[in-house]
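Visitor: Sharing upload.txt, compact mmCIF, C-alpha atoms:
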```txt
# COMPACT_ATOMS: atom_id res chain seq x y z
CA MET X 1 0.00 0.00 0.00
CA ASN X 2 1.32 3.45 -0.93
CA GLU X 3 1.89 6.38 1.46
CA ILE X 4 -1.16 8.37 0.30
CA ALA X 5 -3.51 5.46 0.99
CA GLU X 6 -1.87 4.81 4.36
CA LYS X 7 -2.31 8.47 5.27
CA TYR X 8 -5.96 8.96 4.23
CA LEU X 9 -7.80 5.63 4.17
CA ARG X 10 -9.54 4.00 7.14
CA GLN X 11 -7.40 0.88 7.45
CA GLU X 12 -10.03 -0.96 9.47
CA ALA X 13 -12.61 -0.53 6.66
CA LEU X 14 -10.43 -2.03 3.93
CA PRO X 15 -10.46 -3.83 1.54
CA MET X 16 -12.77 -1.69 -0.59
CA ILE X 17 -15.98 -3.42 -1.67
CA PHE X 18 -15.33 -2.70 -5.35
CA CYS X 19 -15.09 -5.62 -7.77
CA PRO X 20 -11.62 -6.50 -9.14
CA GLY X 21 -10.72 -3.99 -11.87
CA CYS X 22 -13.36 -1.40 -10.93
CA GLY X 23 -12.32 2.17 -11.73
CA ASP X 24 -13.78 3.68 -8.54
CA GLY X 25 -10.62 2.91 -6.54
CA THR X 26 -8.43 4.60 -9.17
CA VAL X 27 -10.60 7.74 -9.03
CA LEU X 28 -10.49 7.73 -5.22
CA GLY X 29 -6.69 7.40 -5.35
CA ALA X 30 -6.47 10.37 -7.72
CA PHE X 31 -8.77 12.38 -5.45
CA LEU X 32 -6.61 11.61 -2.39
CA ARG X 33 -3.49 12.74 -4.26
CA ALA X 34 -5.22 16.01 -5.21
CA VAL X 35 -6.22 16.54 -1.56
CA ASP X 36 -2.67 15.79 -0.44
CA GLU X 37 -1.18 18.26 -2.93
CA LEU X 38 -3.64 20.99 -1.84
CA LYS X 39 -3.08 20.12 1.86
CA ILE X 40 -6.79 20.46 2.68
CA GLY X 41 -7.31 17.13 4.47
CA ASP X 42 -8.61 18.86 7.61
CA GLN X 43 -11.12 21.05 5.73
CA LEU X 44 -12.79 18.27 3.76
CA ALA X 45 -16.34 17.01 4.17
CA LEU X 46 -17.39 14.20 1.86
CA VAL X 47 -20.90 13.20 0.88
CA GLY X 48 -21.77 9.95 -0.86
CA GLY X 49 -25.01 8.77 -2.40
CA ILE X 50 -26.09 5.19 -2.96
CA GLY X 51 -24.41 2.86 -5.38
CA CYS X 52 -20.86 1.65 -5.78
CA SER X 53 -19.56 5.22 -6.04
CA GLY X 54 -21.42 6.17 -2.85
CA TRP X 55 -18.99 3.92 -1.00
CA MET X 56 -15.94 5.90 -2.07
CA PRO X 57 -16.02 8.57 0.69
CA VAL X 58 -16.67 5.93 3.36
CA TYR X 59 -13.05 4.74 3.13
CA VAL X 60 -11.55 8.21 3.58
CA ASN X 61 -10.65 9.13 7.14
CA VAL X 62 -12.44 12.53 7.15
CA ASP X 63 -15.98 13.71 8.01
CA THR X 64 -18.37 11.78 5.78
CA ILE X 65 -22.12 11.54 5.20
CA HIS X 66 -23.58 8.54 3.40
CA THR X 67 -27.03 9.64 2.28
CA LEU X 68 -30.16 8.35 0.53
CA HIS X 69 -30.28 7.37 -3.12
CA GLY X 70 -30.03 10.46 -5.31
CA ARG X 71 -30.02 12.81 -2.31
CA ALA X 72 -26.29 13.33 -1.92
CA ILE X 73 -26.37 16.80 -3.51
CA PRO X 74 -29.19 18.34 -1.37
CA VAL X 75 -27.49 17.06 1.80
CA ALA X 76 -24.21 18.59 0.58
CA VAL X 77 -25.99 21.91 -0.15
CA GLY X 78 -27.29 21.96 3.43
CA LEU X 79 -23.84 21.13 4.76
CA LYS X 80 -22.23 23.87 2.70
CA ALA X 81 -24.88 26.42 3.77
CA THR X 82 -24.23 25.73 7.47
CA ARG X 83 -20.47 25.19 7.26
CA PRO X 84 -19.15 27.37 4.42
CA ASP X 85 -15.59 26.86 5.74
CA ARG X 86 -15.65 23.21 4.63
CA LYS X 87 -14.64 21.96 1.19
CA VAL X 88 -17.65 19.81 0.39
CA VAL X 89 -17.14 17.09 -2.18
CA VAL X 90 -19.93 14.83 -3.44
CA PHE X 91 -19.23 11.36 -4.82
CA THR X 92 -22.11 10.12 -6.89
CA GLY X 93 -22.86 7.72 -9.68
CA ASP X 94 -24.59 8.26 -13.00
CA GLY X 95 -27.87 6.75 -11.79
CA ASP X 96 -27.58 8.58 -8.48
CA ALA X 97 -26.80 12.02 -9.93
CA ILE X 98 -28.80 12.32 -13.12
CA GLY X 99 -31.24 9.41 -12.81
CA ILE X 100 -32.81 9.38 -9.36
CA GLY X 101 -31.29 12.68 -8.20
CA GLY X 102 -31.58 14.49 -11.54
CA ASN X 103 -33.74 17.30 -10.24
CA HIS X 104 -31.44 17.98 -7.28
CA PHE X 105 -28.48 18.00 -9.63
CA ILE X 106 -29.83 20.62 -12.04
CA HIS X 107 -31.02 22.89 -9.24
CA ALA X 108 -27.71 22.77 -7.37
CA ALA X 109 -26.03 23.71 -10.66
CA ARG X 110 -28.58 26.50 -11.22
CA ARG X 111 -27.98 27.92 -7.71
CA ASN X 112 -24.21 27.67 -8.23
CA VAL X 113 -23.51 26.21 -4.79
CA ASP X 114 -19.79 25.90 -3.99
CA LEU X 115 -19.62 22.10 -4.27
CA THR X 116 -17.40 19.67 -6.12
CA VAL X 117 -19.53 16.92 -7.62
CA ILE X 118 -17.62 13.89 -8.89
CA MET X 119 -19.89 11.70 -10.99
CA ILE X 120 -18.60 8.21 -11.71
CA ASN X 121 -20.20 7.12 -14.97
CA ASN X 122 -20.19 3.37 -15.58
CA ALA X 123 -23.23 3.59 -17.90
CA ILE X 124 -25.24 1.05 -15.88
CA TYR X 125 -26.77 0.45 -12.43
CA GLY X 126 -23.90 -1.73 -11.25
CA MET X 127 -24.63 -2.42 -7.59
CA THR X 128 -28.21 -3.58 -8.14
CA GLY X 129 -27.31 -6.03 -10.89
CA GLY X 130 -27.01 -4.26 -14.22
CA GLN X 131 -30.24 -2.40 -14.99
CA ALA X 132 -30.37 0.27 -17.72
CA ALA X 133 -29.42 3.75 -16.46
CA PRO X 134 -30.03 7.17 -18.08
CA THR X 135 -26.44 6.97 -19.35
CA THR X 136 -26.69 3.51 -20.92
CA PRO X 137 -25.85 3.77 -24.63
CA SER X 138 -28.67 3.35 -27.13
CA GLY X 139 -29.03 -0.25 -28.26
CA ALA X 140 -27.07 -1.70 -25.31
CA THR X 141 -28.27 -4.95 -23.81
CA THR X 142 -28.76 -4.85 -20.04
CA GLN X 143 -30.74 -6.85 -17.52
CA THR X 144 -33.81 -4.63 -18.08
CA THR X 145 -33.30 -4.09 -21.82
CA PRO X 146 -32.74 -7.63 -23.15
CA TYR X 147 -33.62 -6.57 -26.73
CA GLY X 148 -31.38 -3.47 -26.69
CA ASN X 149 -31.89 -0.10 -25.04
CA PRO X 150 -34.49 1.88 -27.03
CA GLU X 151 -33.58 5.19 -25.30
CA ASP X 152 -30.83 7.70 -25.95
CA PRO X 153 -28.42 8.49 -23.09
CA PHE X 154 -27.91 11.77 -21.25
CA ASP X 155 -24.80 13.86 -21.82
CA ALA X 156 -24.23 14.78 -18.17
CA CYS X 157 -21.65 17.50 -18.94
CA LYS X 158 -23.95 19.30 -21.38
CA LEU X 159 -26.76 19.02 -18.83
CA ALA X 160 -24.55 20.52 -16.10
CA GLU X 161 -23.40 23.35 -18.32
CA ALA X 162 -26.93 24.15 -19.49
CA ALA X 163 -28.21 24.08 -15.89
CA GLY X 164 -25.59 26.65 -14.86
CA ALA X 165 -22.57 24.78 -13.49
CA THR X 166 -19.49 27.01 -13.57
CA TYR X 167 -16.82 24.28 -13.90
CA VAL X 168 -17.46 21.24 -16.08
CA ALA X 169 -14.87 18.62 -16.99
CA ARG X 170 -14.92 15.03 -18.21
CA TRP X 171 -12.12 12.47 -17.89
CA THR X 172 -11.86 8.72 -17.69
CA ALA X 173 -10.42 6.38 -15.04
CA GLY X 174 -7.56 5.83 -17.48
CA HIS X 175 -6.35 9.43 -17.03
CA PRO X 176 -5.26 9.52 -13.35
CA ARG X 177 -2.78 12.37 -13.75
CA GLN X 178 -5.33 14.54 -15.55
CA LEU X 179 -7.88 13.63 -12.89
CA ILE X 180 -5.58 14.86 -10.11
CA LYS X 181 -5.25 18.22 -11.90
CA ALA X 182 -9.00 18.45 -12.56
CA PHE X 183 -9.85 17.62 -8.92
CA LYS X 184 -7.45 20.31 -7.72
CA GLU X 185 -9.02 22.88 -10.05
CA ALA X 186 -12.57 21.84 -9.11
CA ILE X 187 -11.94 21.96 -5.34
CA GLN X 188 -10.43 25.45 -5.64
CA HIS X 189 -13.16 26.66 -8.00
CA PRO X 190 -15.63 29.01 -6.23
CA GLY X 191 -18.92 27.61 -7.50
CA PHE X 192 -20.60 24.42 -8.70
CA ALA X 193 -17.84 22.22 -10.12
CA PHE X 194 -18.85 19.07 -11.94
CA ILE X 195 -16.47 16.31 -13.06
CA GLU X 196 -17.72 13.27 -14.94
CA VAL X 197 -15.37 10.29 -14.81
CA MET X 198 -16.05 7.52 -17.30
CA THR X 199 -15.05 4.25 -15.67
CA GLN X 200 -14.87 0.60 -16.52
CA CYS X 201 -17.34 -1.66 -14.74
CA PRO X 202 -15.97 -5.05 -15.73
CA VAL X 203 -18.57 -7.06 -13.87
CA GLN X 204 -21.96 -5.50 -14.75
CA ALA X 205 -21.34 -3.27 -17.78
CA GLY X 206 -18.71 -5.80 -18.87
CA ARG X 207 -21.13 -8.69 -18.69
CA TYR X 208 -24.18 -6.97 -20.22
CA ILE X 209 -22.96 -4.15 -22.48
CA LYS X 210 -19.50 -5.29 -23.58
CA GLY X 211 -19.72 -9.04 -23.29
CA GLY X 212 -16.38 -9.49 -21.55
CA LEU X 213 -15.10 -9.31 -17.99
CA ASP X 214 -11.54 -8.13 -18.74
CA ALA X 215 -10.88 -4.81 -16.95
CA PRO X 216 -7.71 -3.72 -18.84
CA GLU X 217 -9.44 -4.37 -22.17
CA PHE X 218 -12.50 -2.39 -21.03
CA LEU X 219 -10.33 0.54 -19.96
CA ALA X 220 -8.45 0.46 -23.27
CA ASP X 221 -11.79 0.60 -25.13
CA ILE X 222 -12.92 3.60 -23.03
CA ARG X 223 -9.67 5.38 -23.86
CA LYS X 224 -10.23 4.67 -27.57
CA SER X 225 -13.77 6.08 -27.38
CA VAL X 226 -12.71 9.51 -26.09
CA VAL X 227 -10.86 12.45 -27.59
CA THR X 228 -9.32 15.63 -26.17
CA GLU X 229 -9.68 19.02 -27.79
CA ALA X 230 -6.07 18.93 -29.05
CA GLN X 231 -6.53 15.45 -30.57
CA ALA X 232 -9.87 16.45 -32.14
CA ALA X 233 -8.23 19.39 -33.95
CA THR X 234 -5.94 17.07 -35.93
CA MET X 235 -8.34 14.15 -36.43
CA PRO X 236 -10.26 13.54 -39.68
CA PRO X 237 -14.06 13.83 -39.24
CA GLU X 238 -14.77 10.16 -40.02
CA GLU X 239 -12.42 9.11 -37.20
CA LEU X 240 -13.92 11.70 -34.86
CA ALA X 241 -17.51 10.47 -35.26
CA GLY X 242 -18.95 8.77 -32.19
CA ARG X 243 -16.14 9.83 -29.87
CA THR X 244 -16.78 11.55 -26.55
CA ARG X 245 -15.01 14.82 -25.77
CA ILE X 246 -12.88 14.82 -22.62
CA GLY X 247 -11.01 17.60 -20.85
CA LEU X 248 -12.14 20.89 -19.37
CA LEU X 249 -15.42 21.60 -21.16
CA HIS X 250 -16.70 24.78 -19.51
CA ARG X 251 -15.51 27.36 -17.02
CA SER X 252 -17.21 30.62 -16.01
CA GLU X 253 -17.81 32.88 -12.99
CA ARG X 254 -21.14 33.66 -11.34
CA PRO X 255 -22.22 34.73 -7.81
CA GLU X 256 -22.21 31.76 -5.46
CA LEU X 257 -25.25 30.81 -3.33
CA THR X 258 -23.74 30.51 0.16
CA GLN X 259 -21.99 33.87 -0.20
CA ARG X 260 -25.29 35.44 -1.31
CA LEU X 261 -27.01 33.88 1.70
CA ALA X 262 -24.29 35.21 4.01
CA ALA X 263 -24.81 38.70 2.54
CA LEU X 264 -28.57 38.39 3.14
CA ASN X 265 -27.95 37.35 6.74
CA ARG X 266 -25.76 40.39 7.25
CA GLY X 267 -28.77 42.48 6.18
CA GLU X 268 -27.41 43.55 2.82
CA LYS X 269 -30.14 43.90 0.19
CA ARG X 270 -29.47 42.80 -3.33
CA MET R 1 17.74 5.75 -16.82
CA ARG R 2 18.45 7.15 -13.43
CA GLY R 3 17.69 5.43 -10.15
CA THR R 4 16.54 1.92 -9.34
CA PHE R 5 12.97 1.21 -8.38
CA LYS R 6 11.29 -1.58 -6.52
CA ILE R 7 7.57 -2.29 -7.05
CA VAL R 8 6.00 -3.65 -3.88
CA ILE R 9 2.55 -5.22 -4.32
CA ASP R 10 0.63 -5.87 -1.13
CA ALA R 11 -0.95 -9.33 -1.53
CA LYS R 12 -3.36 -8.46 1.28
CA TRP R 13 -5.15 -5.85 -0.88
CA CYS R 14 -4.44 -6.91 -4.50
CA LYS R 15 -7.47 -8.31 -6.36
CA GLY R 16 -5.51 -9.46 -9.39
CA CYS R 17 -7.37 -7.29 -11.92
CA GLY R 18 -4.30 -6.87 -14.15
CA LEU R 19 -4.68 -3.11 -14.72
CA CYS R 20 -1.07 -2.52 -13.59
CA LEU R 21 0.25 -5.06 -16.11
CA ALA R 22 -1.67 -3.39 -18.93
CA GLU R 23 -0.62 0.08 -17.80
CA CYS R 24 3.15 -0.47 -17.46
CA PRO R 25 4.90 1.03 -20.52
CA LYS R 26 7.99 -1.16 -19.98
CA ASP R 27 6.22 -4.46 -19.19
CA VAL R 28 8.02 -4.64 -15.87
CA LEU R 29 5.20 -6.48 -14.14
CA GLN R 30 4.21 -10.09 -14.74
CA TRP R 31 1.81 -12.59 -13.18
CA SER R 32 3.40 -14.50 -10.33
CA GLY R 33 1.16 -17.53 -10.89
CA ALA R 34 0.94 -18.00 -7.14
CA ARG R 35 -2.37 -17.45 -5.34
CA SER R 36 -2.68 -15.01 -2.46
CA ALA R 37 -4.55 -15.90 0.73
CA LYS R 38 -7.74 -14.58 -0.93
CA GLY R 39 -7.17 -16.62 -4.07
CA TYR R 40 -6.01 -13.87 -6.40
CA ASN R 41 -3.07 -14.11 -8.79
CA VAL R 42 -0.81 -11.27 -7.61
CA PRO R 43 1.65 -9.71 -10.10
CA VAL R 44 5.38 -9.42 -9.32
CA GLN R 45 8.19 -7.26 -10.68
CA ASP R 46 10.25 -8.86 -13.45
CA GLU R 47 13.80 -8.24 -12.20
CA THR R 48 15.26 -8.65 -15.70
CA LYS R 49 13.43 -5.52 -16.94
CA VAL R 50 14.13 -1.92 -15.98
CA CYS R 51 11.49 0.07 -14.09
CA THR R 52 11.65 3.78 -14.93
CA GLY R 53 9.69 4.84 -11.84
CA CYS R 54 6.80 6.47 -13.72
CA ARG R 55 4.38 5.25 -11.01
CA LEU R 56 1.55 4.63 -13.46
CA CYS R 57 0.93 1.25 -11.79
CA GLU R 58 0.65 2.96 -8.41
CA LEU R 59 -1.79 5.53 -9.83
CA ILE R 60 -4.00 3.05 -11.72
CA CYS R 61 -4.23 0.42 -8.95
CA PRO R 62 -7.87 0.57 -7.77
CA ASP R 63 -7.06 -1.05 -4.45
CA GLN R 64 -4.02 1.13 -3.69
CA ALA R 65 -2.03 -2.08 -3.23
CA ILE R 66 1.10 -0.91 -5.10
CA ARG R 67 3.99 1.11 -3.73
CA VAL R 68 6.94 2.11 -5.92
CA GLU R 69 10.08 2.48 -3.80
CA GLY R 70 13.01 4.61 -4.92
CA GLU R 71 13.39 8.21 -6.07
CA ARG R 72 14.31 9.63 -9.47
CA GLN R 73 17.80 11.10 -9.43
```
Any chance you could give the structure as structure tokens?

Guide:
Amino acid sequence: MNEIAEKYLRQEALPMIFCPGCGDGTVLGAFLRAVDELKIGDQLALVGGIGCSGWMPVYVNVDTIHTLHGRAIPVAVGLKATRPDRKVVVFTGDGDAIGIGGNHFIHAARRNVDLTVIMINNAIYGMTGGQAAPTTPSGATTQTTPYGNPEDPFDACKLAEAAGATYVARWTAGHPRQLIKAFKEAIQHPGFAFIEVMTQCPVQAGRYIKGGLDAPEFLADIRKSVVTEAQAATMPPEELAGRTRIGLLHRSERPELTQRLAALNRGEKR
Amino acid sequence: MRGTFKIVIDAKWCKGCGLCLAECPKDVLQWSGARSAKGYNVPVQDETKVCTGCRLCELICPDQAIRVEGERQ
């Protein structure tokens, strides 16, 4: 075990519940390295929803809330409103954030609350056995769509940007160094920061969508399916078709909710 | 190449997913073939190959089981 994990993880809670080859542990490792580089371990407060990704904050030895399904963001908003000195980070899954908690997600983005929301996107409901999620690709076979998914998936980053998030980035579990940088930027960003991380789920998405349980192969396929802005500039259009854009997708500045609330409490009219 | 590096894989936490083997640009890691107490095949460092200390295996390991010892000079 490396020094970062020894420093931040609850040793008595290990091993992590994640299946062999799951990307959640990689993302958590990148997050811990970002926290270590920023030296904000004592200011953190983590909130997790339900699902595999909801377990990620549980292993970190800081103040943690494990909430109801889809309700990680409203709990985090309440926490941030009462304790604005804390760096509140939400770990949520695709089903948790934009499926069951979709309404909470868009309204937190609209209010521009100073949160960092890390959405782990495995394109399926993994913990409950592989049901179709709002991010499952069209035509994919899952437990609940045995004849192929007839729906089109959400683009969570476009949704966040349209709803008013002021920092939006997308990376994959195969980009740990870029993730560390993005987490550092998002934590320091004063406003609603949203990071989507596309991960391999070798057991459920592997079994139903891909038809193989090999984690390294899955991760290699995810890497092939994405493209950065610099790569897209030099790529011919036929090669670019069907690829997902990764990198920093949107960044802007807007008044933040908890600061507005603090101004109201001081009696300042706006 | 500067510095020598030792890759320590903790058999207590390793789940044998093979991400570190796929990630290593120098193919320094290989399957040991031996089973850990939990029944997983834990990779080991191939001493005949040179580790450059990039720490990609440490970063990609989902179970934080890998530690790369040694500093770049």

Visitor: Show me, as a list in words, the residues of chain R whose atoms get within 8 Å of chain X, using all atoms listed in the file for the distance check.

Guide: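 Listing them in order of chain and number gives Ile9, Asp10, Trp13, Lys15, Gly16, Cys17, Gly18, Leu19, Ala22, Glu58, Leu59, Ile60, Cys61, Pro62, Asp63, Gln64, Ala65, Ile66, Arg67 and Val68 of chain R.
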
Visitor: Using all atoms listed in the file, find the one residue out of R:Gly39, R:Cys20, R:Gln30, R:Gly3 that sits nearest to Arg55 in chain R.

Guide: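 Among R:Gly39, R:Cys20, R:Gln30, R:Gly3, it is R:Cys20 that comes nearest to Arg55 in chain R.
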
Visitor: Please report the interatomic distance between CA of Phe218 in chain X and CA of Glu69 in chain R in Å with one decimal.

Guide: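 Taking CA of Phe218 in chain X as the start and CA of Glu69 in chain R as the end point, the length is 28.8 Å.
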
Visitor: Hey, can you check how far CA of Pro43 in chain R sits from CA of Phe5 in chain R?

Guide: 15.8 Å

Visitor: Report, in Å with one decimal, the straight-line distance from CA of Leu68 in chain X to CA of Ala160 in chain X.

Guide: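 It comes out at 21.4 Å.
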
Visitor: Name the residues in contact with range 139-145 of chain X at a cut-off of 10 Å, using only C-alpha atoms, excluding same-chain residues fewer than 2 positions from it; report them as a list in words.

Guide: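 My list of contacting residues is Ala123, Ile124, Tyr125, Gly129, Gly130, Gln131, Ala132, Ala133, Thr136, Pro137, Tyr147, Gly148, Asn149, Pro150, Glu151, Asp152, Gln204, Ala205, Arg207, Tyr208, Ile209, Lys210 and Gly211 of chain X.
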
Visitor: Using only C-alpha atoms, please write the residues we just selected to a file, as a PDB file, in the coordinates of the input.

Guide:
```
ATOM      1  CA  ALA X 123     -23.230   3.590 -17.900  1.00  0.00           C
ATOM      2  CA  ILE X 124     -25.240   1.050 -15.880  1.00  0.00           C
ATOM      3  CA  TYR X 125     -26.770   0.450 -12.430  1.00  0.00           C
ATOM      4  CA  GLY X 129     -27.310  -6.030 -10.890  1.00  0.00           C
ATOM      5  CA  GLY X 130     -27.010  -4.260 -14.220  1.00  0.00           C
ATOM      6  CA  GLN X 131     -30.240  -2.400 -14.990  1.00  0.00           C
ATOM      7  CA  ALA X 132     -30.370   0.270 -17.720  1.00  0.00           C
ATOM      8  CA  ALA X 133     -29.420   3.750 -16.460  1.00  0.00           C
ATOM      9  CA  THR X 136     -26.690   3.510 -20.920  1.00  0.00           C
ATOM     10  CA  PRO X 137     -25.850   3.770 -24.630  1.00  0.00           C
ATOM     11  CA  TYR X 147     -33.620  -6.570 -26.730  1.00  0.00           C
ATOM     12  CA  GLY X 148     -31.380  -3.470 -26.690  1.00  0.00           C
ATOM     13  CA  ASN X 149     -31.890  -0.100 -25.040  1.00  0.00           C
ATOM     14  CA  PRO X 150     -34.490   1.880 -27.030  1.00  0.00           C
ATOM     15  CA  GLU X 151     -33.580   5.190 -25.300  1.00  0.00           C
ATOM     16  CA  ASP X 152     -30.830   7.700 -25.950  1.00  0.00           C
ATOM     17  CA  GLN X 204     -21.960  -5.500 -14.750  1.00  0.00           C
ATOM     18  CA  ALA X 205     -21.340  -3.270 -17.780  1.00  0.00           C
ATOM     19  CA  ARG X 207     -21.130  -8.690 -18.690  1.00  0.00           C
ATOM     20  CA  TYR X 208     -24.180  -6.970 -20.220  1.00  0.00           C
ATOM     21  CA  ILE X 209     -22.960  -4.150 -22.480  1.00  0.00           C
ATOM     22  CA  LYS X 210     -19.500  -5.290 -23.580  1.00  0.00           C
ATOM     23  CA  GLY X 211     -19.720  -9.040 -23.290  1.00  0.00           C
TER      24      GLY X 211
END
```

Visitor: Quick one: range 106-133 of chain X with N, CA and C atoms, as a PDB file, in the frame of the given file?

Guide:
```pdb
ATOM      1  N   ILE X 106     -29.705  19.413 -11.204  1.00  0.00           N
ATOM      2  CA  ILE X 106     -29.830  20.620 -12.040  1.00  0.00           C
ATOM      3  C   ILE X 106     -30.063  21.850 -11.181  1.00  0.00           C
ATOM      4  N   HIS X 107     -30.757  21.700 -10.050  1.00  0.00           N
ATOM      5  CA  HIS X 107     -31.020  22.890  -9.240  1.00  0.00           C
ATOM      6  C   HIS X 107     -29.803  23.324  -8.440  1.00  0.00           C
ATOM      7  N   ALA X 108     -28.971  22.385  -8.029  1.00  0.00           N
ATOM      8  CA  ALA X 108     -27.710  22.770  -7.370  1.00  0.00           C
ATOM      9  C   ALA X 108     -26.810  23.497  -8.362  1.00  0.00           C
ATOM     10  N   ALA X 109     -26.815  23.044  -9.616  1.00  0.00           N
ATOM     11  CA  ALA X 109     -26.030  23.710 -10.660  1.00  0.00           C
ATOM     12  C   ALA X 109     -26.594  25.105 -10.935  1.00  0.00           C
ATOM     13  N   ARG X 110     -27.928  25.209 -10.968  1.00  0.00           N
ATOM     14  CA  ARG X 110     -28.580  26.500 -11.220  1.00  0.00           C
ATOM     15  C   ARG X 110     -28.244  27.504 -10.107  1.00  0.00           C
ATOM     16  N   ARG X 111     -28.242  27.021  -8.846  1.00  0.00           N
ATOM     17  CA  ARG X 111     -27.980  27.920  -7.710  1.00  0.00           C
ATOM     18  C   ARG X 111     -26.498  28.236  -7.587  1.00  0.00           C
ATOM     19  N   ASN X 112     -25.661  27.502  -8.287  1.00  0.00           N
ATOM     20  CA  ASN X 112     -24.210  27.670  -8.230  1.00  0.00           C
ATOM     21  C   ASN X 112     -23.695  27.588  -6.794  1.00  0.00           C
ATOM     22  N   VAL X 113     -23.998  26.452  -6.146  1.00  0.00           N
ATOM     23  CA  VAL X 113     -23.510  26.210  -4.790  1.00  0.00           C
ATOM     24  C   VAL X 113     -22.045  25.783  -4.895  1.00  0.00           C
ATOM     25  N   ASP X 114     -21.221  26.208  -3.949  1.00  0.00           N
ATOM     26  CA  ASP X 114     -19.790  25.900  -3.990  1.00  0.00           C
ATOM     27  C   ASP X 114     -19.554  24.442  -3.589  1.00  0.00           C
ATOM     28  N   LEU X 115     -19.829  23.528  -4.512  1.00  0.00           N
ATOM     29  CA  LEU X 115     -19.620  22.100  -4.270  1.00  0.00           C
ATOM     30  C   LEU X 115     -18.717  21.549  -5.367  1.00  0.00           C
ATOM     31  N   THR X 116     -18.082  20.436  -5.074  1.00  0.00           N
ATOM     32  CA  THR X 116     -17.400  19.670  -6.120  1.00  0.00           C
ATOM     33  C   THR X 116     -18.161  18.369  -6.264  1.00  0.00           C
ATOM     34  N   VAL X 117     -18.759  18.151  -7.399  1.00  0.00           N
ATOM     35  CA  VAL X 117     -19.530  16.920  -7.620  1.00  0.00           C
ATOM     36  C   VAL X 117     -18.746  16.027  -8.576  1.00  0.00           C
ATOM     37  N   ILE X 118     -18.356  14.852  -8.080  1.00  0.00           N
ATOM     38  CA  ILE X 118     -17.620  13.890  -8.890  1.00  0.00           C
ATOM     39  C   ILE X 118     -18.579  12.777  -9.259  1.00  0.00           C
ATOM     40  N   MET X 119     -18.941  12.715 -10.541  1.00  0.00           N
ATOM     41  CA  MET X 119     -19.890  11.700 -10.990  1.00  0.00           C
ATOM     42  C   MET X 119     -19.153  10.571 -11.691  1.00  0.00           C
ATOM     43  N   ILE X 120     -19.236   9.396 -11.115  1.00  0.00           N
ATOM     44  CA  ILE X 120     -18.600   8.210 -11.710  1.00  0.00           C
ATOM     45  C   ILE X 120     -19.608   7.610 -12.689  1.00  0.00           C
ATOM     46  N   ASN X 121     -19.265   7.597 -13.951  1.00  0.00           N
ATOM     47  CA  ASN X 121     -20.200   7.120 -14.970  1.00  0.00           C
ATOM     48  C   ASN X 121     -19.755   5.752 -15.490  1.00  0.00           C
ATOM     49  N   ASN X 122     -20.488   4.707 -15.051  1.00  0.00           N
ATOM     50  CA  ASN X 122     -20.190   3.370 -15.580  1.00  0.00           C
ATOM     51  C   ASN X 122     -21.256   2.919 -16.558  1.00  0.00           C
ATOM     52  N   ALA X 123     -22.203   3.812 -16.876  1.00  0.00           N
ATOM     53  CA  ALA X 123     -23.230   3.590 -17.900  1.00  0.00           C
ATOM     54  C   ALA X 123     -24.224   2.487 -17.554  1.00  0.00           C
ATOM     55  N   ILE X 124     -24.311   2.126 -16.277  1.00  0.00           N
ATOM     56  CA  ILE X 124     -25.240   1.050 -15.880  1.00  0.00           C
ATOM     57  C   ILE X 124     -25.490   1.169 -14.375  1.00  0.00           C
ATOM     58  N   TYR X 125     -26.577   0.573 -13.885  1.00  0.00           N
ATOM     59  CA  TYR X 125     -26.770   0.450 -12.430  1.00  0.00           C
ATOM     60  C   TYR X 125     -26.003  -0.788 -11.988  1.00  0.00           C
ATOM     61  N   GLY X 126     -24.777  -0.591 -11.521  1.00  0.00           N
ATOM     62  CA  GLY X 126     -23.900  -1.730 -11.250  1.00  0.00           C
ATOM     63  C   GLY X 126     -24.256  -2.482  -9.985  1.00  0.00           C
ATOM     64  N   MET X 127     -24.475  -1.752  -8.880  1.00  0.00           N
ATOM     65  CA  MET X 127     -24.630  -2.420  -7.590  1.00  0.00           C
ATOM     66  C   MET X 127     -25.885  -3.278  -7.514  1.00  0.00           C
ATOM     67  N   THR X 128     -26.942  -2.856  -8.234  1.00  0.00           N
ATOM     68  CA  THR X 128     -28.210  -3.580  -8.140  1.00  0.00           C
ATOM     69  C   THR X 128     -28.318  -4.691  -9.180  1.00  0.00           C
ATOM     70  N   GLY X 129     -27.300  -4.872 -10.016  1.00  0.00           N
ATOM     71  CA  GLY X 129     -27.310  -6.030 -10.890  1.00  0.00           C
ATOM     72  C   GLY X 129     -27.403  -5.751 -12.369  1.00  0.00           C
ATOM     73  N   GLY X 130     -27.148  -4.506 -12.793  1.00  0.00           N
ATOM     74  CA  GLY X 130     -27.010  -4.260 -14.220  1.00  0.00           C
ATOM     75  C   GLY X 130     -28.276  -3.828 -14.940  1.00  0.00           C
ATOM     76  N   GLN X 131     -29.073  -2.935 -14.296  1.00  0.00           N
ATOM     77  CA  GLN X 131     -30.240  -2.400 -14.990  1.00  0.00           C
ATOM     78  C   GLN X 131     -29.840  -1.199 -15.846  1.00  0.00           C
ATOM     79  N   ALA X 132     -30.667  -0.861 -16.836  1.00  0.00           N
ATOM     80  CA  ALA X 132     -30.370   0.270 -17.720  1.00  0.00           C
ATOM     81  C   ALA X 132     -30.464   1.571 -16.938  1.00  0.00           C
ATOM     82  N   ALA X 133     -29.479   2.451 -17.122  1.00  0.00           N
ATOM     83  CA  ALA X 133     -29.420   3.750 -16.460  1.00  0.00           C
ATOM     84  C   ALA X 133     -29.682   4.836 -17.509  1.00  0.00           C
TER      85      ALA X 133
END
```
